[in-house]
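File shown: run13.txt (compact mmCIF, C-alpha atoms).
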```
# COMPACT_ATOMS: atom_id res chain seq x y z
CA MET M 711 64.60 178.15 -50.70
CA GLU M 712 64.62 181.42 -52.65
CA PHE M 713 60.87 181.80 -52.16
CA VAL M 714 61.21 181.22 -48.39
CA ILE M 715 63.98 183.83 -48.20
CA THR M 716 61.84 186.34 -50.12
CA ILE M 717 58.87 185.87 -47.78
CA SER M 718 61.08 186.03 -44.69
CA GLN M 719 62.75 189.27 -45.79
CA ALA M 720 59.41 190.91 -46.61
CA PHE M 721 58.09 190.03 -43.13
CA LEU M 722 61.38 191.17 -41.62
CA TYR M 723 60.92 194.66 -43.08
CA VAL M 724 57.33 194.75 -41.80
CA CYS M 725 58.52 193.78 -38.29
CA PHE M 726 61.08 196.58 -38.29
CA SER M 727 58.41 199.05 -39.41
CA VAL M 728 55.87 197.98 -36.80
CA LEU M 729 58.43 198.11 -33.97
CA LEU M 730 60.04 201.39 -34.96
CA GLY M 731 56.76 203.10 -35.82
CA SER M 732 55.18 202.00 -32.54
CA PHE M 733 58.06 203.08 -30.32
CA LEU M 734 58.48 206.45 -32.04
CA LEU M 735 54.77 207.28 -31.77
CA LEU M 736 54.72 206.22 -28.12
CA ILE M 737 57.58 208.62 -27.36
CA LEU M 738 55.49 211.52 -28.68
CA PRO M 739 53.11 213.43 -26.38
CA ASN M 740 49.47 212.48 -26.96
CA ASP M 741 48.70 216.01 -28.21
CA TYR M 742 50.63 215.34 -31.44
CA ARG M 743 48.85 212.20 -32.62
CA PRO M 744 45.47 210.43 -32.62
CA ASP M 745 44.65 208.07 -29.76
CA LEU M 746 46.38 204.73 -30.35
CA LYS M 747 45.77 201.17 -29.24
CA ILE M 748 49.04 199.32 -29.88
CA SER M 749 49.00 195.63 -28.99
CA LYS M 750 51.85 194.53 -26.74
CA LYS M 751 51.36 191.02 -28.13
CA VAL M 752 51.97 192.23 -31.72
CA LEU M 753 55.22 193.95 -30.70
CA LEU M 754 56.31 190.81 -28.88
CA ILE M 755 55.58 188.65 -31.96
CA CYS M 756 57.63 191.03 -34.13
CA ALA M 757 60.56 190.92 -31.68
CA ILE M 758 60.45 187.11 -31.45
CA THR M 759 60.25 186.54 -35.21
CA LEU M 760 63.04 189.00 -36.07
CA PRO M 761 65.92 186.55 -35.36
CA ILE M 762 63.95 183.79 -37.11
CA PHE M 763 63.46 185.79 -40.31
CA THR M 764 67.07 187.01 -40.29
CA PHE M 765 68.31 183.44 -39.82
CA ILE M 766 66.77 182.18 -43.09
CA PRO M 767 69.54 183.65 -45.34
CA VAL M 768 72.14 182.37 -42.83
CA LEU M 769 70.59 178.90 -43.04
CA ASN M 770 70.81 179.08 -46.83
CA VAL M 771 74.58 179.62 -46.58
CA ILE M 772 74.87 176.75 -44.07
CA LEU M 773 72.93 174.37 -46.33
CA TYR M 774 75.11 175.41 -49.29
CA MET M 775 78.25 174.46 -47.35
CA SER M 776 76.84 171.32 -45.69
CA PRO M 777 77.64 168.81 -48.47
CA ARG M 778 81.30 169.72 -48.14
CA PHE M 779 81.78 170.26 -44.38
CA GLY M 780 78.71 168.66 -42.80
CA PHE M 781 75.81 170.54 -41.22
CA LEU M 782 77.17 171.04 -37.69
CA ASP M 783 80.62 172.14 -38.85
CA SER M 784 79.07 174.45 -41.44
CA PHE M 785 76.75 175.88 -38.75
CA LYS M 786 79.68 176.62 -36.46
CA LEU M 787 81.84 177.99 -39.28
CA VAL M 788 79.19 180.39 -40.61
CA LEU M 789 78.15 181.73 -37.20
CA THR M 790 81.72 182.33 -36.03
CA THR M 791 83.68 183.39 -39.12
CA TYR M 792 81.29 184.60 -41.85
CA THR M 793 79.98 188.18 -41.73
CA VAL M 794 76.39 187.06 -42.32
CA GLY M 795 76.68 184.68 -39.33
CA THR M 796 78.46 187.10 -37.00
CA ALA M 797 75.89 189.80 -37.77
CA TRP M 798 73.12 187.32 -36.94
CA ASP M 799 74.74 186.64 -33.55
CA PHE M 800 74.31 190.33 -32.71
CA THR M 801 70.77 190.27 -34.13
CA LEU M 802 69.91 187.43 -31.76
CA PHE M 803 71.41 189.27 -28.78
CA PHE M 804 69.58 192.55 -29.47
CA SER M 805 66.34 190.64 -30.14
CA ILE M 806 66.52 188.83 -26.78
CA VAL M 807 67.06 192.16 -24.98
CA LEU M 808 64.13 193.70 -26.89
CA ILE M 809 61.87 190.72 -26.06
CA LEU M 810 62.72 191.02 -22.35
CA LEU M 811 62.10 194.78 -22.46
CA ILE M 812 58.61 194.30 -23.94
CA ILE M 813 57.75 191.49 -21.50
CA MET M 814 58.86 193.47 -18.44
CA ALA M 815 57.10 196.68 -19.49
CA ARG M 816 53.99 197.24 -17.36
CA THR M 817 52.66 199.54 -20.08
CA LEU M 818 53.98 200.59 -23.47
CA GLU M 819 53.07 204.19 -22.66
CA GLU M 820 56.21 204.54 -20.51
CA LYS M 821 58.56 206.89 -22.37
CA ILE M 822 61.70 205.08 -21.17
CA ILE M 823 60.40 201.78 -22.59
CA ALA M 824 59.59 203.38 -25.95
CA SER M 825 62.99 205.13 -26.04
CA LEU M 826 64.93 201.94 -25.26
CA GLY M 827 62.80 200.03 -27.78
CA THR M 828 63.68 202.60 -30.46
CA VAL M 829 67.40 202.31 -29.74
CA LEU M 830 67.31 198.50 -29.79
CA THR M 831 65.33 198.40 -33.06
CA ILE M 832 67.80 200.78 -34.71
CA GLY M 833 70.60 198.55 -33.44
CA LEU M 834 68.89 195.56 -35.09
CA ILE M 835 68.64 197.45 -38.38
CA LEU M 836 72.38 198.12 -38.15
CA THR M 837 73.09 194.37 -37.88
CA ILE M 838 71.09 193.81 -41.08
CA ALA M 839 73.05 196.53 -42.89
CA TRP M 840 76.29 194.91 -41.68
CA SER M 841 75.44 191.64 -43.46
CA SER M 842 74.03 193.24 -46.63
CA HIS M 843 75.27 192.93 -50.25
CA ALA M 844 76.38 196.55 -50.14
CA GLY M 845 78.36 195.98 -46.94
CA ALA M 846 80.18 193.07 -48.56
CA LEU M 847 81.17 195.20 -51.57
CA ASP M 848 82.15 198.38 -49.73
CA LEU M 849 82.37 198.01 -45.94
CA TRP M 850 81.73 201.52 -44.65
CA MET M 851 79.85 203.15 -47.51
CA GLY M 852 77.77 200.02 -48.04
CA ILE M 853 76.80 199.62 -44.38
CA ILE M 854 76.07 203.32 -43.81
CA SER M 855 73.96 203.73 -46.95
CA ASP M 856 72.04 200.49 -46.35
CA PHE M 857 71.45 201.43 -42.70
CA LEU M 858 70.15 204.90 -43.59
CA HIS M 859 68.00 203.46 -46.38
CA LEU M 860 66.32 200.81 -44.22
CA THR M 861 65.96 203.09 -41.19
CA ALA M 862 64.33 205.92 -43.16
CA ILE M 863 61.87 203.65 -44.93
CA SER M 864 61.06 201.79 -41.67
CA VAL M 865 60.28 205.09 -39.91
CA TRP M 866 58.05 206.19 -42.79
CA VAL M 867 56.23 202.88 -43.21
CA GLY M 868 56.05 202.21 -39.48
CA ILE M 869 54.36 205.47 -38.55
CA LEU M 870 51.88 205.08 -41.43
CA LEU M 871 51.07 201.47 -40.48
CA ILE M 872 50.49 202.22 -36.81
CA ILE M 873 48.51 205.42 -37.44
CA GLY M 874 46.51 203.76 -40.22
CA TRP M 875 45.63 200.55 -38.40
CA CYS M 876 45.94 201.27 -34.65
CA SER M 877 44.21 204.66 -34.36
CA ASN M 878 41.07 204.70 -32.21
CA ASN M 879 39.89 207.87 -33.95
CA HIS M 880 41.09 210.65 -36.25
CA GLN M 881 41.24 213.39 -33.64
CA ARG M 882 44.24 215.74 -33.63
CA TRP M 883 44.89 214.79 -37.26
CA ARG M 884 46.06 218.26 -38.25
CA GLU M 885 48.51 218.22 -35.33
CA PHE M 886 49.77 214.85 -36.57
CA LEU M 887 50.13 216.02 -40.20
CA ASN M 888 51.91 219.22 -39.13
CA TRP M 889 54.97 217.24 -38.00
CA PHE M 890 54.60 214.03 -39.99
CA SER M 891 54.69 215.87 -43.35
CA PHE M 892 58.22 217.02 -42.51
CA VAL M 893 59.20 213.56 -41.23
CA ALA M 894 57.88 211.89 -44.39
CA PHE M 895 59.73 214.41 -46.57
CA GLY M 896 62.94 213.84 -44.58
CA CYS M 897 62.52 210.07 -44.89
CA PHE M 898 61.93 210.39 -48.63
CA VAL M 899 65.06 212.51 -49.13
CA THR M 900 67.14 210.18 -46.94
CA THR M 901 65.80 207.14 -48.77
CA ALA M 902 66.55 208.71 -52.16
CA LEU M 903 70.08 209.85 -51.27
CA SER M 904 71.00 206.59 -49.53
CA GLY M 905 69.47 204.70 -52.47
CA LEU M 906 71.75 206.60 -54.85
CA LEU M 907 74.73 205.71 -52.66
CA LEU M 908 73.65 202.06 -52.63
CA MET M 909 73.32 202.02 -56.41
CA ASP M 910 76.78 203.55 -56.69
CA VAL M 911 78.13 200.67 -54.58
CA ILE M 912 76.09 197.81 -56.08
CA VAL M 913 75.15 198.86 -59.63
CA ASP M 914 77.72 199.92 -62.22
CA GLU M 915 75.19 201.12 -64.83
CA TYR M 916 71.61 201.59 -63.63
CA ILE M 917 69.90 201.66 -67.05
CA SER M 918 71.83 198.67 -68.38
CA SER M 919 71.02 196.73 -65.19
CA TRP M 920 67.36 196.63 -66.30
CA MET M 921 68.33 193.70 -68.50
CA ILE M 922 68.84 191.42 -65.46
CA SER M 923 66.48 190.49 -62.61
CA TYR M 924 68.13 192.67 -59.98
CA GLY M 925 67.81 195.74 -62.22
CA GLN M 926 64.18 194.89 -63.01
CA GLY M 927 63.50 194.83 -59.28
CA LEU M 928 65.15 198.22 -58.81
CA LEU M 929 63.10 199.68 -61.67
CA LEU M 930 59.78 198.38 -60.32
CA LYS M 931 60.69 199.57 -56.83
CA HIS M 932 61.43 203.05 -58.17
CA LEU M 933 58.25 203.16 -60.27
CA PHE M 934 56.14 202.49 -57.18
CA LEU M 935 57.50 205.77 -55.85
CA LEU M 936 55.17 207.53 -58.34
CA PRO M 937 51.87 206.59 -56.62
CA LEU M 938 53.64 206.86 -53.27
CA ILE M 939 54.54 210.50 -53.93
CA PHE M 940 51.00 211.10 -55.20
CA TYR M 941 49.39 209.86 -51.98
CA ALA M 942 52.05 211.51 -49.82
CA LEU M 943 51.11 214.83 -51.41
CA VAL M 944 47.42 214.02 -50.99
CA ASN M 945 47.89 213.29 -47.29
CA SER M 946 50.07 216.37 -46.77
CA PHE M 947 47.99 218.98 -48.58
CA ILE M 948 44.58 217.84 -49.84
CA VAL M 949 43.63 215.88 -46.71
CA LYS M 950 44.78 218.75 -44.49
CA SER M 951 42.59 221.13 -46.51
CA LYS M 952 39.58 218.79 -46.28
CA ILE M 953 39.98 218.47 -42.51
CA ALA M 954 40.05 222.28 -42.19
CA LYS M 955 36.72 222.47 -44.08
CA ASP M 956 35.13 219.36 -42.55
CA PRO M 957 36.34 218.26 -39.07
CA LEU M 958 34.42 214.97 -39.46
CA PHE M 959 36.38 213.98 -42.60
CA ASN M 960 38.12 210.62 -42.03
CA PRO M 961 41.64 210.61 -43.55
CA ILE M 962 42.65 207.15 -42.32
CA PRO M 963 41.82 205.29 -45.61
CA TRP M 964 44.36 207.45 -47.50
CA ILE M 965 47.03 206.72 -44.91
CA ARG M 966 46.29 203.02 -45.39
CA ILE M 967 46.73 203.29 -49.18
CA GLU M 968 50.13 204.93 -48.70
CA SER M 969 51.13 202.15 -46.29
CA PHE M 970 49.98 199.47 -48.79
CA ILE M 971 52.18 200.99 -51.49
CA LEU M 972 55.17 201.13 -49.16
CA LEU M 973 54.61 197.48 -48.22
CA THR M 974 54.53 196.63 -51.93
CA ILE M 975 57.92 198.32 -52.31
CA PHE M 976 59.17 196.25 -49.37
CA THR M 977 57.96 193.04 -51.02
CA ILE M 978 59.63 193.89 -54.33
CA THR M 979 62.85 194.72 -52.49
CA ALA M 980 62.71 191.38 -50.67
CA ALA M 981 61.99 189.43 -53.87
CA PHE M 982 64.73 190.91 -56.03
CA SER M 983 67.37 191.35 -53.33
CA GLN M 984 67.95 187.60 -53.53
CA HIS M 985 69.33 187.94 -57.07
CA ALA M 986 73.01 188.69 -57.62
CA PRO M 987 73.62 192.45 -57.78
CA PRO M 988 74.96 193.72 -61.13
CA HIS M 989 78.50 194.58 -60.11
CA GLY M 990 81.35 194.27 -62.55
CA ASN M 991 81.17 192.65 -66.01
CA TYR M 992 77.97 190.81 -65.16
CA LEU M 993 75.93 190.78 -68.37
CA SER M 994 75.53 187.66 -70.48
CA ASN M 995 72.74 186.27 -72.62
CA GLU M 996 71.92 183.66 -69.96
CA ALA M 997 71.70 186.29 -67.19
CA VAL M 998 69.02 188.38 -68.92
CA SER M 999 65.80 188.65 -66.89
CA PRO M 1000 62.77 186.65 -68.12
CA LEU M 1001 60.73 189.85 -67.67
CA PHE M 1002 63.05 191.73 -69.99
CA ARG M 1003 62.89 188.81 -72.46
CA LEU M 1004 59.15 189.36 -72.85
CA PHE M 1005 59.92 192.61 -74.68
CA HIS M 1006 63.39 192.04 -76.17
CA ASP M 1007 64.55 188.62 -77.33
CA ASP M 1008 67.84 189.83 -78.81
CA ILE M 1009 71.12 188.00 -78.27
CA ILE M 1010 72.70 190.07 -75.52
CA THR M 1011 76.37 190.25 -74.52
CA SER M 1012 78.39 192.33 -72.06
CA SER M 1013 79.03 194.93 -74.80
CA ASN M 1014 75.30 195.71 -75.24
CA THR M 1015 73.71 198.82 -73.76
CA ILE M 1016 70.17 200.21 -73.60
CA GLY M 1017 68.97 203.10 -75.71
CA PHE M 1018 65.56 204.78 -76.04
CA VAL M 1019 63.44 205.55 -79.12
CA VAL M 1020 60.01 207.18 -78.79
CA ASN M 1021 57.33 205.40 -80.83
CA GLY M 1022 53.56 205.15 -81.05
CA ASN M 1023 53.36 202.67 -78.17
CA THR M 1024 55.37 205.03 -75.99
CA VAL M 1025 52.92 207.86 -76.61
CA ALA M 1026 49.92 205.58 -76.01
CA PHE M 1027 51.20 204.34 -72.65
CA PHE M 1028 52.09 207.91 -71.66
CA PHE M 1029 48.50 209.05 -72.15
CA VAL M 1030 47.22 205.96 -70.34
CA SER M 1031 49.46 206.89 -67.39
CA VAL M 1032 48.10 210.44 -67.34
CA LEU M 1033 44.53 209.05 -67.47
CA LEU M 1034 45.26 206.75 -64.52
CA ILE M 1035 46.55 209.67 -62.45
CA GLY M 1036 43.28 211.46 -63.21
CA LEU M 1037 41.31 208.37 -62.12
CA MET M 1038 43.29 208.28 -58.87
CA PHE M 1039 42.16 211.87 -58.20
CA PHE M 1040 38.59 210.87 -59.09
CA ALA M 1041 38.73 207.94 -56.65
CA LEU M 1042 39.90 210.33 -53.94
CA LEU M 1043 37.17 212.89 -54.57
CA LYS M 1044 34.40 210.26 -54.76
CA LYS M 1045 35.72 208.41 -51.67
CA LEU M 1046 35.83 205.09 -53.53
CA PRO M 1047 37.07 201.98 -51.64
CA ILE M 1048 40.83 201.92 -50.99
CA VAL M 1049 41.13 198.66 -52.97
CA ILE M 1050 40.18 200.55 -56.15
CA SER M 1051 42.73 203.27 -55.42
CA PHE M 1052 45.42 200.66 -54.80
CA LEU M 1053 44.54 198.85 -58.06
CA LEU M 1054 44.75 202.14 -59.95
CA SER M 1055 48.19 202.71 -58.41
CA GLY M 1056 49.30 199.28 -59.60
CA LEU M 1057 47.97 199.98 -63.11
CA LEU M 1058 49.86 203.29 -63.15
CA VAL M 1059 53.11 201.51 -62.32
CA MET M 1060 52.39 198.86 -64.97
CA SER M 1061 51.63 201.52 -67.59
CA VAL M 1062 54.84 203.47 -66.94
CA TYR M 1063 56.82 200.21 -66.87
CA LEU M 1064 55.40 199.12 -70.23
CA MET M 1065 56.07 202.59 -71.64
CA LEU M 1066 59.75 202.24 -70.72
CA MET M 1067 60.05 198.65 -71.93
CA VAL M 1068 58.57 199.35 -75.40
CA THR M 1069 60.77 202.44 -75.76
CA ILE M 1070 64.00 200.50 -75.20
CA VAL M 1071 66.31 199.51 -78.03
CA ILE M 1072 69.35 197.25 -77.59
CA ARG M 1073 72.58 198.74 -78.88
```

Take the structure in the file and write it out as structure tokens.
Amino acid sequence: MEFVITISQAFLYVCFSVLLGSFLLLILPNDYRPDLKISKKVLLICAITLPIFTFIPVLNVILYMSPRFGFLDSFKLVLTTYTVGTAWDFTLFFSIVLILLIIMARTLEEKIIASLGTVLTIGLILTIAWSSHAGALDLWMGIISDFLHLTAISVWVGILLIIGWCSNNHQRWREFLNWFSFVAFGCFVTTALSGLLLMDVIVDEYISSWMISYGQGLLLKHLFLLPLIFYALVNSFIVKSKIAKDPLFNPIPWIRIESFILLTIFTITAAFSQHAPPHGNYLSNEAVSPLFRLFHDDIITSSNTIGFVVNGNTVAFFFVSVLLIGLMFFALLKKLPIVISFLLSGLLVMSVYLMLMVTIVIR
């Protein structure tokens, strides 16, 4: 069931991104973006599957309670009294309204349709934040920080996905970058600040949390920000400079790489969000992550903390990381396939991760 929940949550985040990115771009005047061909059928599929994907964690709670209360009674109890069930009720309602809106729209180019679609999608994100781990631990701070976090990343990913995969051409690219660079920066700052608030609610000690699966997920998610920032800077400055020198330069592949990395972050978030968050006196030898065990097989108790000692392996992985950044620049300059650039990004994350893991000492 855990695997099904992980897949469903990853697709849920993609649906939010596609919907929000599409509606926001459709609100904009055509002069500020490339020509787009957004499929009404794709938006409809995203709207229909949203309540299905969000129901999977609810179903998990129902199945957990079923042996004691029976399936039907558990179903009724969860959907009427539990926060995760009540939030899903609102998700279903907003989804039905969104589905009807998309079906009735004669064309997606209508600004009122795009505006209402944006509002409904943001409302759906709020229902997800309401039922989140953070919301359960700290009602207002948890919901607000989770809502801002998911909204900012959905705007960022959504615009990149739609521009990268639904553009008919790369005309008016400088006009697009002129405003999107500020939007991406705002989304990054909002994501970072809301992420810090979330960690304050969920994680007592960030570094020590690396010893359990939830903390490992947070670390990997944060490490993928390194290539993300790299390509965000590339798209904001280098690509803009290349377009100024060569109007025929096609920047879409670099937008696609950035969207791939963001989708990877979504997948990691979905995978590790199913593990119990490290709140309170959580650490025990049995709770230590198998990933962490690959590097440190010490007997660990709640009194243990993580320290850092620089050694030869640390220095070696540091230079490998620098080399990989250089290769990413080389791939950009030589216009190598985006698969190679994405693989180099993954290797960079792996190198920095290994550098941190071999530097750790248990105290």

Using Å and a single decimal, report how far CA of Ser918 (chain M) sits from CA of Leu935 (chain M).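 The value is 20.3 Å.
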
Who sits within 12 Å of Glu885 (chain M), only C-alpha atoms, same chain under 4 positions skipped, as an mmCIF file with C-alpha atoms, in the coordinates of the input:
```cif
data_model
loop_
_atom_site.group_PDB
_atom_site.id
_atom_site.type_symbol
_atom_site.label_atom_id
_atom_site.label_comp_id
_atom_site.auth_asym_id
_atom_site.auth_seq_id
_atom_site.Cartn_x
_atom_site.Cartn_y
_atom_site.Cartn_z
ATOM 1 C CA LEU M 738 55.490 211.520 -28.680
ATOM 2 C CA PRO M 739 53.110 213.430 -26.380
ATOM 3 C CA ASN M 740 49.470 212.480 -26.960
ATOM 4 C CA ASP M 741 48.700 216.010 -28.210
ATOM 5 C CA TYR M 742 50.630 215.340 -31.440
ATOM 6 C CA ARG M 743 48.850 212.200 -32.620
ATOM 7 C CA PRO M 744 45.470 210.430 -32.620
ATOM 8 C CA HIS M 880 41.090 210.650 -36.250
ATOM 9 C CA GLN M 881 41.240 213.390 -33.640
ATOM 10 C CA TRP M 889 54.970 217.240 -38.000
ATOM 11 C CA PHE M 890 54.600 214.030 -39.990
ATOM 12 C CA SER M 891 54.690 215.870 -43.350
ATOM 13 C CA SER M 946 50.070 216.370 -46.770
ATOM 14 C CA LYS M 950 44.780 218.750 -44.490
ATOM 15 C CA ILE M 953 39.980 218.470 -42.510
ATOM 16 C CA ALA M 954 40.050 222.280 -42.190
#
```

For Tyr941 (chain M), which of M:Leu1042, M:Cys876, M:Val714, M:Ile978 is the closest residue, counting only C-alpha atoms? M:Leu1042

Quick one: everything within 12 Å of Ala815 (chain M), counting only C-alpha atoms, minus sequence neighbours fewer than 4 positions away in the same chain. Send it as an NGL selection string. :M and (750-751 or 753-754 or 808-811 or 819-824 or 826-827)

Atoms kept (C-alpha atoms) for selection, written as a CSV table (one decimal), in the frame of the given file:
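File result14.csv, as written:
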```csv
chain,number,residue,atom,x,y,z
M,750,LYS,CA,51.8,194.5,-26.7
M,751,LYS,CA,51.4,191.0,-28.1
M,753,LEU,CA,55.2,194.0,-30.7
M,754,LEU,CA,56.3,190.8,-28.9
M,808,LEU,CA,64.1,193.7,-26.9
M,809,ILE,CA,61.9,190.7,-26.1
M,810,LEU,CA,62.7,191.0,-22.4
M,811,LEU,CA,62.1,194.8,-22.5
M,819,GLU,CA,53.1,204.2,-22.7
M,820,GLU,CA,56.2,204.5,-20.5
M,821,LYS,CA,58.6,206.9,-22.4
M,822,ILE,CA,61.7,205.1,-21.2
M,823,ILE,CA,60.4,201.8,-22.6
M,824,ALA,CA,59.6,203.4,-26.0
M,826,LEU,CA,64.9,201.9,-25.3
M,827,GLY,CA,62.8,200.0,-27.8
```

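Using all atoms listed in the file, the smallest distance between any of M:Asn945, M:Ser923, M:Asn879, M:Thr1069 and Ala997 (chain M) comes from M:Ser923.
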
Record the distance separating CA of Ser1051 (chain M) and CA of His932 (chain M), expressed in Å with one decimal.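 One can read the CA of Ser1051 (chain M) to CA of His932 (chain M) distance as 18.9 Å.
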